[in-house]
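start-v1.pdb, holding PDB, C-alpha atoms and all ligand atoms:
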ATOM      1  CA  MET A 158     -12.965 -13.587  10.769
ATOM      2  CA  LEU A 159     -15.660 -12.594  13.218
ATOM      3  CA  TYR A 160     -18.702 -14.126  14.875
ATOM      4  CA  LEU A 161     -22.174 -12.798  14.141
ATOM      5  CA  ASN A 162     -25.438 -14.339  15.340
ATOM      6  CA  GLY A 163     -24.392 -17.961  15.415
ATOM      7  CA  SER A 164     -21.681 -18.232  12.752
ATOM      8  CA  PHE A 165     -18.086 -17.307  12.091
ATOM      9  CA  MET A 166     -17.532 -15.431   8.817
ATOM     10  CA  PRO A 167     -15.152 -13.010   7.105
ATOM     11  CA  ALA A 168     -15.775  -9.425   8.257
ATOM     12  CA  ALA A 169     -16.712  -8.400   4.720
ATOM     13  CA  GLN A 170     -19.676 -10.812   4.803
ATOM     14  CA  ALA A 171     -20.979  -9.700   8.192
ATOM     15  CA  THR A 172     -24.027  -7.471   7.874
ATOM     16  CA  ILE A 173     -26.558  -6.196  10.395
ATOM     17  CA  SER A 174     -29.964  -4.662   9.634
ATOM     18  CA  ALA A 175     -29.946  -0.870   9.311
ATOM     19  CA  LEU A 176     -32.906  -0.938  11.720
ATOM     20  CA  ASP A 177     -31.033  -2.853  14.430
ATOM     21  CA  ARG A 178     -31.732  -1.135  17.749
ATOM     22  CA  GLY A 179     -28.000  -0.937  18.361
ATOM     23  CA  CYS A 180     -27.815   1.285  15.308
ATOM     24  CA  LEU A 181     -31.017   3.278  15.989
ATOM     25  CA  PHE A 182     -30.723   3.761  19.743
ATOM     26  CA  GLY A 183     -27.390   2.405  20.924
ATOM     27  CA  ASP A 184     -29.669  -0.159  22.630
ATOM     28  CA  GLY A 185     -27.023  -2.654  23.667
ATOM     29  CA  VAL A 186     -23.866  -3.286  25.645
ATOM     30  CA  TYR A 187     -20.285  -4.321  24.904
ATOM     31  CA  GLU A 188     -16.978  -5.578  26.267
ATOM     32  CA  VAL A 189     -13.334  -5.275  25.239
ATOM     33  CA  ILE A 190     -11.100  -8.202  26.270
ATOM     34  CA  PRO A 191      -7.311  -8.073  25.877
ATOM     35  CA  VAL A 192      -5.653 -11.207  24.519
ATOM     36  CA  TYR A 193      -1.928 -11.847  25.070
ATOM     37  CA  SER A 194      -0.325 -14.611  22.989
ATOM     38  CA  ARG A 195      -3.843 -15.928  22.268
ATOM     39  CA  HIS A 196      -4.741 -16.095  25.984
ATOM     40  CA  PRO A 197      -7.777 -13.967  26.842
ATOM     41  CA  PHE A 198      -6.948 -12.020  30.014
ATOM     42  CA  ARG A 199      -9.544 -12.048  32.811
ATOM     43  CA  LEU A 200     -12.077 -13.632  30.477
ATOM     44  CA  GLU A 201     -14.437 -14.781  33.223
ATOM     45  CA  GLU A 202     -14.531 -11.299  34.707
ATOM     46  CA  HIS A 203     -15.345  -9.712  31.347
ATOM     47  CA  ILE A 204     -18.111 -12.231  30.674
ATOM     48  CA  ALA A 205     -19.506 -11.602  34.167
ATOM     49  CA  ARG A 206     -19.504  -7.824  33.574
ATOM     50  CA  LEU A 207     -21.241  -8.362  30.229
ATOM     51  CA  ALA A 208     -23.913 -10.365  32.065
ATOM     52  CA  ALA A 209     -24.304  -7.526  34.576
ATOM     53  CA  SER A 210     -24.611  -4.925  31.788
ATOM     54  CA  LEU A 211     -27.228  -7.059  30.006
ATOM     55  CA  ALA A 212     -29.208  -7.510  33.228
ATOM     56  CA  SER A 213     -29.083  -3.749  33.840
ATOM     57  CA  ILE A 214     -30.754  -3.031  30.503
ATOM     58  CA  GLY A 215     -33.300  -5.854  30.784
ATOM     59  CA  LEU A 216     -31.840  -7.834  27.894
ATOM     60  CA  ALA A 217     -31.773 -11.621  28.395
ATOM     61  CA  ASN A 218     -28.255 -12.994  28.171
ATOM     62  CA  PRO A 219     -28.264 -15.068  24.972
ATOM     63  CA  TYR A 220     -25.523 -17.457  26.151
ATOM     64  CA  ALA A 221     -24.303 -19.179  29.304
ATOM     65  CA  PRO A 222     -20.840 -18.042  30.517
ATOM     66  CA  GLU A 223     -19.199 -21.262  29.261
ATOM     67  CA  HIS A 224     -20.626 -20.714  25.792
ATOM     68  CA  TRP A 225     -19.387 -17.112  25.726
ATOM     69  CA  GLN A 226     -15.950 -18.323  26.734
ATOM     70  CA  SER A 227     -15.935 -20.994  24.068
ATOM     71  CA  LEU A 228     -17.006 -18.518  21.360
ATOM     72  CA  VAL A 229     -14.329 -16.029  22.397
ATOM     73  CA  ARG A 230     -11.668 -18.753  22.291
ATOM     74  CA  GLN A 231     -12.862 -19.902  18.859
ATOM     75  CA  ALA A 232     -12.776 -16.321  17.564
ATOM     76  CA  ILE A 233      -9.225 -15.882  18.892
ATOM     77  CA  ALA A 234      -8.066 -19.109  17.225
ATOM     78  CA  LEU A 235      -9.338 -17.894  13.834
ATOM     79  CA  GLN A 236      -7.074 -14.804  13.702
ATOM     80  CA  ASP A 237      -3.582 -14.853  12.241
ATOM     81  CA  TYR A 238      -2.032 -12.652  14.948
ATOM     82  CA  GLU A 239      -1.292 -13.409  18.599
ATOM     83  CA  ASP A 240      -2.132 -10.300  20.628
ATOM     84  CA  GLN A 241      -5.730  -9.264  20.194
ATOM     85  CA  SER A 242      -8.473  -7.054  21.483
ATOM     86  CA  VAL A 243     -11.758  -8.951  21.390
ATOM     87  CA  TYR A 244     -14.824  -6.764  21.046
ATOM     88  CA  LEU A 245     -18.134  -8.293  22.222
ATOM     89  CA  HIS A 246     -21.373  -6.542  21.394
ATOM     90  CA  VAL A 247     -24.969  -7.488  22.151
ATOM     91  CA  THR A 248     -27.927  -5.389  21.020
ATOM     92  CA  ARG A 249     -31.668  -5.795  21.445
ATOM     93  CA  GLY A 250     -31.889  -6.678  17.749
ATOM     94  CA  GLY A 251     -34.691  -5.209  15.682
ATOM     95  CA  ASN A 252     -38.085  -5.917  14.178
ATOM     96  CA  GLY A 253     -38.004  -3.364  11.364
ATOM     97  CA  GLU A 254     -39.708  -0.655  13.384
ATOM     98  CA  ARG A 255     -38.358   2.387  15.178
ATOM     99  CA  ASP A 256     -40.266   2.156  18.419
ATOM    100  CA  PHE A 257     -38.624   2.907  21.764
ATOM    101  CA  PRO A 258     -40.091   0.260  24.122
ATOM    102  CA  PHE A 259     -38.652  -3.255  24.011
ATOM    103  CA  PRO A 260     -39.983  -5.295  21.061
ATOM    104  CA  ASP A 261     -41.548  -8.715  21.697
ATOM    105  CA  ASP A 262     -39.854 -11.901  20.519
ATOM    106  CA  VAL A 263     -36.871 -10.299  18.826
ATOM    107  CA  ALA A 264     -33.534 -12.119  18.796
ATOM    108  CA  PRO A 265     -30.575 -10.093  20.052
ATOM    109  CA  THR A 266     -27.694  -9.257  17.735
ATOM    110  CA  VAL A 267     -24.434 -10.829  18.945
ATOM    111  CA  LEU A 268     -21.077  -9.800  17.519
ATOM    112  CA  ILE A 269     -17.606 -11.011  18.521
ATOM    113  CA  ASN A 270     -14.914  -9.153  16.634
ATOM    114  CA  PRO A 271     -11.220  -9.627  17.433
ATOM    115  CA  SER A 272      -8.731  -7.057  16.167
ATOM    116  CA  ARG A 273      -5.049  -6.423  16.718
ATOM    117  CA  LEU A 274      -4.254  -5.260  20.250
ATOM    118  CA  VAL A 275      -2.881  -1.723  20.139
ATOM    119  CA  MET A 276      -0.932  -1.177  23.343
ATOM    120  CA  PRO A 277       0.686   2.037  24.587
ATOM    121  CA  SER A 278       4.015   2.605  22.840
ATOM    122  CA  ALA A 279       7.324   2.090  24.665
ATOM    123  CA  GLU A 280       7.729   5.863  24.717
ATOM    124  CA  GLN A 281       4.267   6.382  26.253
ATOM    125  CA  LYS A 282       5.130   3.799  28.917
ATOM    126  CA  ALA A 283       8.501   5.376  29.671
ATOM    127  CA  ARG A 284       7.469   9.028  29.603
ATOM    128  CA  GLY A 285       3.797   8.907  30.461
ATOM    129  CA  VAL A 286       1.020  10.653  28.543
ATOM    130  CA  SER A 287      -0.867  13.950  28.679
ATOM    131  CA  ALA A 288      -4.556  14.359  29.411
ATOM    132  CA  ILE A 289      -7.157  17.089  29.307
ATOM    133  CA  SER A 290     -10.019  17.367  31.756
ATOM    134  CA  HIS A 291     -13.700  17.978  31.189
ATOM    135  CA  ALA A 292     -16.974  18.056  33.066
ATOM    136  CA  ASP A 293     -18.514  14.579  33.108
ATOM    137  CA  PHE A 294     -21.673  15.183  31.074
ATOM    138  CA  ARG A 295     -22.606  11.512  30.732
ATOM    139  CA  TRP A 296     -25.728   9.945  32.219
ATOM    140  CA  LEU A 297     -26.084   8.495  35.727
ATOM    141  CA  ARG A 298     -25.645   4.814  34.810
ATOM    142  CA  CYS A 299     -21.967   4.854  33.888
ATOM    143  CA  ASP A 300     -21.686   1.424  35.555
ATOM    144  CA  ILE A 301     -23.326  -0.078  32.439
ATOM    145  CA  LYS A 302     -20.934  -0.687  29.541
ATOM    146  CA  SER A 303     -23.462   0.776  27.132
ATOM    147  CA  LEU A 304     -23.159   1.243  23.376
ATOM    148  CA  ASN A 305     -24.218   4.876  23.818
ATOM    149  CA  LEU A 306     -20.724   6.245  23.375
ATOM    150  CA  LEU A 307     -21.317   9.727  21.949
ATOM    151  CA  PRO A 308     -19.891  11.447  25.065
ATOM    152  CA  THR A 309     -16.791   9.234  24.804
ATOM    153  CA  VAL A 310     -16.451  10.044  21.103
ATOM    154  CA  LEU A 311     -16.668  13.797  21.766
ATOM    155  CA  LEU A 312     -14.326  13.743  24.763
ATOM    156  CA  ARG A 313     -11.713  11.554  23.113
ATOM    157  CA  GLU A 314     -11.810  13.717  19.992
ATOM    158  CA  ALA A 315     -11.258  16.803  22.183
ATOM    159  CA  ALA A 316      -8.305  14.977  23.767
ATOM    160  CA  ARG A 317      -6.907  14.053  20.353
ATOM    161  CA  GLN A 318      -7.189  17.644  19.144
ATOM    162  CA  ALA A 319      -5.217  18.711  22.232
ATOM    163  CA  ASP A 320      -2.605  16.030  21.423
ATOM    164  CA  CYS A 321      -3.607  14.158  24.565
ATOM    165  CA  ALA A 322      -4.242  10.480  25.239
ATOM    166  CA  GLU A 323      -7.190  10.751  27.603
ATOM    167  CA  CYS A 324      -9.814  13.029  29.089
ATOM    168  CA  VAL A 325     -10.148  12.980  32.893
ATOM    169  CA  MET A 326     -13.682  13.755  34.020
ATOM    170  CA  PHE A 327     -15.058  15.528  37.060
ATOM    171  CA  ARG A 328     -18.653  15.578  38.262
ATOM    172  CA  ASP A 329     -19.689  18.113  40.902
ATOM    173  CA  GLY A 330     -16.072  18.804  41.793
ATOM    174  CA  MET A 331     -15.215  15.118  42.217
ATOM    175  CA  LEU A 332     -13.156  12.738  40.074
ATOM    176  CA  SER A 333     -15.235  10.204  38.178
ATOM    177  CA  GLU A 334     -13.068   8.439  35.575
ATOM    178  CA  GLY A 335     -11.401   8.793  32.192
ATOM    179  CA  ALA A 336     -13.454   8.878  28.989
ATOM    180  CA  ALA A 337     -12.394   5.239  28.397
ATOM    181  CA  SER A 338     -10.407   4.364  31.528
ATOM    182  CA  ASN A 339     -10.489   4.423  35.315
ATOM    183  CA  ILE A 340      -8.293   6.942  37.103
ATOM    184  CA  PHE A 341      -6.021   6.411  40.108
ATOM    185  CA  VAL A 342      -4.301   9.135  42.101
ATOM    186  CA  VAL A 343      -1.178   8.895  44.260
ATOM    187  CA  ARG A 344      -0.660  11.387  47.083
ATOM    188  CA  GLN A 345       2.091  11.071  49.666
ATOM    189  CA  GLY A 346       2.697   7.428  48.859
ATOM    190  CA  VAL A 347      -0.973   6.444  49.083
ATOM    191  CA  ILE A 348      -2.802   5.121  46.014
ATOM    192  CA  ALA A 349      -6.418   6.263  45.827
ATOM    193  CA  CYS A 350      -9.347   5.677  43.501
ATOM    194  CA  PRO A 351     -13.057   6.500  43.568
ATOM    195  CA  PRO A 352     -15.451   3.798  44.798
ATOM    196  CA  LYS A 353     -17.473   1.686  42.395
ATOM    197  CA  ASN A 354     -20.944   3.127  41.983
ATOM    198  CA  HIS A 355     -23.265   4.291  39.195
ATOM    199  CA  LEU A 356     -20.847   7.093  38.235
ATOM    200  CA  ILE A 357     -18.002   4.915  36.921
ATOM    201  CA  LEU A 358     -17.488   1.725  34.997
ATOM    202  CA  PRO A 359     -16.398  -1.115  37.300
ATOM    203  CA  GLY A 360     -13.138  -1.651  35.437
ATOM    204  CA  ILE A 361     -11.605  -5.105  35.222
ATOM    205  CA  THR A 362      -8.164  -3.443  35.322
ATOM    206  CA  TYR A 363      -9.314  -1.236  38.241
ATOM    207  CA  ASP A 364     -10.187  -4.408  40.181
ATOM    208  CA  LEU A 365      -6.847  -5.994  39.344
ATOM    209  CA  VAL A 366      -4.863  -2.890  40.351
ATOM    210  CA  ILE A 367      -6.687  -2.857  43.704
ATOM    211  CA  GLU A 368      -6.037  -6.597  44.119
ATOM    212  CA  LEU A 369      -2.329  -6.152  43.325
ATOM    213  CA  ALA A 370      -1.982  -3.185  45.689
ATOM    214  CA  ARG A 371      -3.548  -5.230  48.501
ATOM    215  CA  THR A 372      -1.535  -8.375  47.775
ATOM    216  CA  HIS A 373       1.713  -6.426  47.788
ATOM    217  CA  GLY A 374       0.937  -4.293  50.817
ATOM    218  CA  LEU A 375       0.760  -0.928  49.036
ATOM    219  CA  ALA A 376      -1.214   1.784  50.821
ATOM    220  CA  LEU A 377      -4.598   2.111  49.119
ATOM    221  CA  GLU A 378      -7.713   4.163  49.752
ATOM    222  CA  ILE A 379     -10.993   3.714  47.928
ATOM    223  CA  ARG A 380     -12.881   6.942  48.503
ATOM    224  CA  PRO A 381     -14.332   9.982  46.730
ATOM    225  CA  ILE A 382     -11.498  12.152  45.364
ATOM    226  CA  SER A 383     -11.854  15.894  44.824
ATOM    227  CA  GLU A 384     -10.755  17.743  41.712
ATOM    228  CA  ALA A 385      -8.303  19.725  43.880
ATOM    229  CA  GLU A 386      -6.684  16.459  45.033
ATOM    230  CA  VAL A 387      -6.297  15.328  41.441
ATOM    231  CA  ARG A 388      -4.732  18.629  40.416
ATOM    232  CA  SER A 389      -2.218  18.497  43.287
ATOM    233  CA  ALA A 390      -1.514  14.734  43.029
ATOM    234  CA  ASP A 391       2.002  13.282  42.961
ATOM    235  CA  GLU A 392       0.945  10.732  40.344
ATOM    236  CA  LEU A 393      -2.047  10.115  38.143
ATOM    237  CA  TRP A 394      -2.693   6.839  36.317
ATOM    238  CA  MET A 395      -5.229   5.693  33.786
ATOM    239  CA  THR A 396      -6.145   2.008  33.717
ATOM    240  CA  SER A 397      -7.973  -0.008  31.087
ATOM    241  CA  SER A 398      -7.859  -3.361  29.356
ATOM    242  CA  THR A 399      -6.000  -1.915  26.385
ATOM    243  CA  LYS A 400      -3.838   0.690  28.203
ATOM    244  CA  GLU A 401      -3.067  -1.424  31.305
ATOM    245  CA  VAL A 402      -1.537   1.015  33.846
ATOM    246  CA  LEU A 403      -0.434   4.179  32.094
ATOM    247  CA  ALA A 404       0.903   7.269  33.878
ATOM    248  CA  ILE A 405      -0.628  10.649  33.086
ATOM    249  CA  VAL A 406       2.187  13.160  33.579
ATOM    250  CA  LYS A 407       0.462  16.317  32.357
ATOM    251  CA  LEU A 408      -3.109  17.449  32.990
ATOM    252  CA  ASP A 409      -4.461  20.468  31.109
ATOM    253  CA  GLY A 410      -0.874  21.454  30.305
ATOM    254  CA  GLN A 411       0.252  21.392  33.952
ATOM    255  CA  PRO A 412       2.777  18.791  35.150
ATOM    256  CA  VAL A 413       1.399  16.104  37.475
ATOM    257  CA  GLY A 414       3.811  15.883  40.438
ATOM    258  CA  SER A 415       7.340  15.938  39.076
ATOM    259  CA  GLY A 416       6.023  15.681  35.520
ATOM    260  CA  ALA A 417       7.676  12.268  35.068
ATOM    261  CA  VAL A 418       6.357   8.726  35.531
ATOM    262  CA  GLY A 419       6.253   8.210  39.297
ATOM    263  CA  PRO A 420       7.691   5.358  41.378
ATOM    264  CA  LEU A 421       4.329   3.827  42.239
ATOM    265  CA  ALA A 422       3.221   3.861  38.588
ATOM    266  CA  ARG A 423       6.387   1.935  37.727
ATOM    267  CA  ARG A 424       5.827  -0.448  40.619
ATOM    268  CA  MET A 425       2.215  -1.126  39.704
ATOM    269  CA  ASP A 426       3.046  -1.562  36.018
ATOM    270  CA  GLY A 427       5.742  -4.069  37.052
ATOM    271  CA  LEU A 428       3.262  -5.985  39.231
ATOM    272  CA  TYR A 429       0.747  -5.954  36.393
ATOM    273  CA  GLN A 430       3.277  -7.256  33.864
ATOM    274  CA  ASP A 431       4.369 -10.018  36.265
ATOM    275  CA  PHE A 432       0.773 -10.989  36.882
ATOM    276  CA  LYS A 433       0.069 -11.192  33.144
ATOM    277  CA  HIS A 434       2.843 -13.705  32.502
TER     278      HIS A 434
HETATM  279  N1  LIG A 501     -13.007   1.008  27.876
HETATM  280  N2  LIG A 501     -14.148   3.432  32.184
HETATM  281  C1  LIG A 501     -14.644   3.554  30.946
HETATM  282  C2  LIG A 501     -15.644   4.625  30.688
HETATM  283  C3  LIG A 501     -14.225   2.678  29.926
HETATM  284  O1  LIG A 501     -14.751   2.787  28.698
HETATM  285  C4  LIG A 501     -13.243   1.689  30.226
HETATM  286  C5  LIG A 501     -12.758   0.712  29.197
HETATM  287  C6  LIG A 501     -12.758   1.610  31.533
HETATM  288  C7  LIG A 501     -11.738   0.568  31.937
HETATM  289  O2  LIG A 501     -12.337  -0.693  32.069
HETATM  290  P1  LIG A 501     -11.496  -2.032  31.861
HETATM  291  O3  LIG A 501     -10.356  -1.969  32.790
HETATM  292  O4  LIG A 501     -12.458  -3.093  32.213
HETATM  293  O5  LIG A 501     -11.058  -2.072  30.422
HETATM  294  C8  LIG A 501     -13.228   2.491  32.485
HETATM  295  C9  LIG A 501     -12.713   0.047  26.831
HETATM  296  C10 LIG A 501     -11.296  -0.412  26.808
HETATM  297  C11 LIG A 501     -13.207   0.602  25.512
HETATM  298  O6  LIG A 501     -14.287   1.180  25.524
HETATM  299  O7  LIG A 501     -12.548   0.424  24.485
END

If you convert what's in this file into structure tokens, what do you get?
Ligand code: PDD
Amino acid sequence: MLYLNGSFMPAAQATISALDRGCLFGDGVYEVIPVYSRHPFRLEEHIARLAASLASIGLANPYAPEHWQSLVRQAIALQDYEDQSVYLHVTRGGNGERDFPFPDDVAPTVLINPSRLVMPSAEQKARGVSAISHADFRWLRCDIKSLNLLPTVLLREAARQADCAECVMFRDGMLSEGAASNIFVVRQGVIACPPKNHLILPGITYDLVIELARTHGLALEIRPISEAEVRSADELWMTSSTKEVLAIVKLDGQPVGSGAVGPLARRMDGLYQDFKH
């Protein structure tokens, strides 16, 4: 069961116009919320980021935060499995025409679609994962969680073909983020990540990792990170709502640090798991 434009219905009955601007232009934004034992994790933060994404593209938020929260909880209750990944999607709708500027008086399309949460496997957690790297060829508003995901599709497919879990991106010699994750680096016992700006998505997991590092007195620097620092790091982590904190132990075929999951990755994953429960 999913939610589309005001009602809950079986997925097979949910249809959207072929001329929806989400379909024609990727004119919309989205969120992915992890749900553990039917409890949405960091729901308020995800709804707040959705509001920020909508504001950034000049699309009026169709619902108040409380209504979003209620709809997400109703959608969760309708599934027959406990751990979920709830996909929220809002587009500028459509009026049957393919015209770039915003249409007048068109209702947005709102979709809430829970699916089973696919978490990293026990082996990926224990051994870490491999990543490739690539130039960050996305646009300059990566802070918006936009439906325009062609770069992500191409980069993640390149990663898959290389038998890798993620693609780490660099722009002008500096670390930006993963194709669908934020990236943290550990060097000489200090955790570091790039600052939030228009070049990266302000990750909900990124914020939590920073919060946990601060609460537990771990050394942390938020600053621009060079490609050379990434390539000579002791540890590299990817963070996202569906991957949590996952160690990258090989980058472009080269071991990261010792080539095994590092002590701070284990520590942070432990703090994250404790926080979740
Ligand atoms: N992606 N950066 C990018 C480009 C992302 O697409 C994501 C998440 C993140 C991590 O953000 P968060 O911690 O809030 O999940 C960073 C989601 C999971 C996706 O597109 O499926």

Given the PyMOL selection byres (((chain A and resi 190) around 12) and not hetatm) and the file above, list the residues it selects as a PDB file with C-alpha atoms, keeping the file's coordinate frame.
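Written file, result13.pdb:
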ATOM      1  CA  TYR A 187     -20.285  -4.321  24.904  1.00  0.00           C
ATOM      2  CA  GLU A 188     -16.978  -5.578  26.267  1.00  0.00           C
ATOM      3  CA  VAL A 189     -13.334  -5.275  25.239  1.00  0.00           C
ATOM      4  CA  PRO A 191      -7.311  -8.073  25.877  1.00  0.00           C
ATOM      5  CA  VAL A 192      -5.653 -11.207  24.519  1.00  0.00           C
ATOM      6  CA  TYR A 193      -1.928 -11.847  25.070  1.00  0.00           C
ATOM      7  CA  ARG A 195      -3.843 -15.928  22.268  1.00  0.00           C
ATOM      8  CA  HIS A 196      -4.741 -16.095  25.984  1.00  0.00           C
ATOM      9  CA  PRO A 197      -7.777 -13.967  26.842  1.00  0.00           C
ATOM     10  CA  PHE A 198      -6.948 -12.020  30.014  1.00  0.00           C
ATOM     11  CA  ARG A 199      -9.544 -12.048  32.811  1.00  0.00           C
ATOM     12  CA  LEU A 200     -12.077 -13.632  30.477  1.00  0.00           C
ATOM     13  CA  GLU A 201     -14.437 -14.781  33.223  1.00  0.00           C
ATOM     14  CA  GLU A 202     -14.531 -11.299  34.707  1.00  0.00           C
ATOM     15  CA  HIS A 203     -15.345  -9.712  31.347  1.00  0.00           C
ATOM     16  CA  ILE A 204     -18.111 -12.231  30.674  1.00  0.00           C
ATOM     17  CA  ARG A 206     -19.504  -7.824  33.574  1.00  0.00           C
ATOM     18  CA  LEU A 207     -21.241  -8.362  30.229  1.00  0.00           C
ATOM     19  CA  GLN A 226     -15.950 -18.323  26.734  1.00  0.00           C
ATOM     20  CA  VAL A 229     -14.329 -16.029  22.397  1.00  0.00           C
ATOM     21  CA  ARG A 230     -11.668 -18.753  22.291  1.00  0.00           C
ATOM     22  CA  ILE A 233      -9.225 -15.882  18.892  1.00  0.00           C
ATOM     23  CA  ASP A 240      -2.132 -10.300  20.628  1.00  0.00           C
ATOM     24  CA  GLN A 241      -5.730  -9.264  20.194  1.00  0.00           C
ATOM     25  CA  SER A 242      -8.473  -7.054  21.483  1.00  0.00           C
ATOM     26  CA  VAL A 243     -11.758  -8.951  21.390  1.00  0.00           C
ATOM     27  CA  TYR A 244     -14.824  -6.764  21.046  1.00  0.00           C
ATOM     28  CA  LEU A 245     -18.134  -8.293  22.222  1.00  0.00           C
ATOM     29  CA  HIS A 246     -21.373  -6.542  21.394  1.00  0.00           C
ATOM     30  CA  ILE A 269     -17.606 -11.011  18.521  1.00  0.00           C
ATOM     31  CA  ASN A 270     -14.914  -9.153  16.634  1.00  0.00           C
ATOM     32  CA  PRO A 271     -11.220  -9.627  17.433  1.00  0.00           C
ATOM     33  CA  SER A 272      -8.731  -7.057  16.167  1.00  0.00           C
ATOM     34  CA  ARG A 273      -5.049  -6.423  16.718  1.00  0.00           C
ATOM     35  CA  LEU A 274      -4.254  -5.260  20.250  1.00  0.00           C
ATOM     36  CA  GLY A 360     -13.138  -1.651  35.437  1.00  0.00           C
ATOM     37  CA  ILE A 361     -11.605  -5.105  35.222  1.00  0.00           C
ATOM     38  CA  THR A 362      -8.164  -3.443  35.322  1.00  0.00           C
ATOM     39  CA  SER A 397      -7.973  -0.008  31.087  1.00  0.00           C
ATOM     40  CA  SER A 398      -7.859  -3.361  29.356  1.00  0.00           C
ATOM     41  CA  THR A 399      -6.000  -1.915  26.385  1.00  0.00           C
ATOM     42  CA  LYS A 400      -3.838   0.690  28.203  1.00  0.00           C
ATOM     43  CA  GLU A 401      -3.067  -1.424  31.305  1.00  0.00           C
TER      44      GLU A 401
END

- Could you pull the residues within 7 Å of Val413 (chain A), counting all atoms listed in the file, minus those fewer than 6 positions along the same chain, as number ranges by chain? A: 390-393, 406-407

- A:Ile289, A:Val325, A:Leu369, A:Val342 ranked by distance to ligand LIG 501 (chain A), top pick (using all atoms listed in the file): A:Val325

- Message: If we count all atoms listed in the file and set the cut-off at 7 Å, which residues sit around Gly250 (chain A), ignoring sequence neighbours fewer than 5 positions away in its own chain? Please answer as an NGL selection string.
- Response: :A and (177-179 or 263-266)

- Message: Just want the 6 Å neighbourhood of region 372-385 of chain A, counted on all atoms listed in the file, with same-chain residues fewer than 3 positions away dropped. Output as a ChimeraX atom specification.
- Response: /A:330-332,347-352,369,388

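Every polymer residue reaching to within 10 Å of (-21.8, -18.2, 17.7), counting all atoms listed in the file, appears in this list: Leu159, Tyr160, Leu161, Asn162, Gly163, Ser164, Phe165, Tyr220, His224, Trp225, Ser227, Leu228, Val229, Gln231, Ala232, Val267, Leu268 and Ile269 of chain A.
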
Just need the box for ligand LIG 501 (chain A), edges along x, y and z, holding every atom the file lists for it with 3 Å tacked onto each side, so centre and edge lengths in Å to one decimal, as lines of an AutoDock Vina configuration file.
center_x = -13.0
center_y = 0.8
center_z = 28.6
size_x = 11.3
size_y = 13.7
size_z = 14.3

Please fill the gaps in region 296-308 of chain A so it has N, CA and C atoms, and write that as a tab-separated table (two decimals), in the frame of the given file.
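Writing done, so here's out_36.tsv:
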chain	number	residue	atom	x	y	z
A	296	TRP	N	-24.53	10.22	31.43
A	296	TRP	CA	-25.73	9.94	32.22
A	296	TRP	C	-25.33	9.40	33.59
A	297	LEU	N	-26.34	8.93	34.35
A	297	LEU	CA	-26.08	8.49	35.73
A	297	LEU	C	-26.04	6.98	35.86
A	298	ARG	N	-25.84	6.27	34.74
A	298	ARG	CA	-25.64	4.81	34.81
A	298	ARG	C	-24.34	4.44	34.08
A	299	CYS	N	-23.27	5.10	34.52
A	299	CYS	CA	-21.97	4.85	33.89
A	299	CYS	C	-21.40	3.49	34.27
A	300	ASP	N	-22.10	2.78	35.20
A	300	ASP	CA	-21.69	1.42	35.56
A	300	ASP	C	-22.07	0.42	34.47
A	301	ILE	N	-22.93	0.81	33.55
A	301	ILE	CA	-23.33	-0.08	32.44
A	301	ILE	C	-22.39	0.18	31.26
A	302	LYS	N	-21.82	-0.87	30.69
A	302	LYS	CA	-20.93	-0.69	29.54
A	302	LYS	C	-21.81	-0.60	28.29
A	303	SER	N	-22.43	0.55	28.15
A	303	SER	CA	-23.46	0.78	27.13
A	303	SER	C	-22.86	1.17	25.79
A	304	LEU	N	-23.59	0.85	24.72
A	304	LEU	CA	-23.16	1.24	23.38
A	304	LEU	C	-23.36	2.73	23.11
A	305	ASN	N	-24.02	3.43	24.01
A	305	ASN	CA	-24.22	4.88	23.82
A	305	ASN	C	-22.91	5.59	24.13
A	306	LEU	N	-22.08	5.76	23.12
A	306	LEU	CA	-20.72	6.24	23.38
A	306	LEU	C	-20.46	7.64	22.81
A	307	LEU	N	-21.53	8.40	22.51
A	307	LEU	CA	-21.32	9.73	21.95
A	307	LEU	C	-20.48	10.63	22.88
A	308	PRO	N	-20.76	10.64	24.19
A	308	PRO	CA	-19.89	11.45	25.06
A	308	PRO	C	-18.42	11.04	24.94
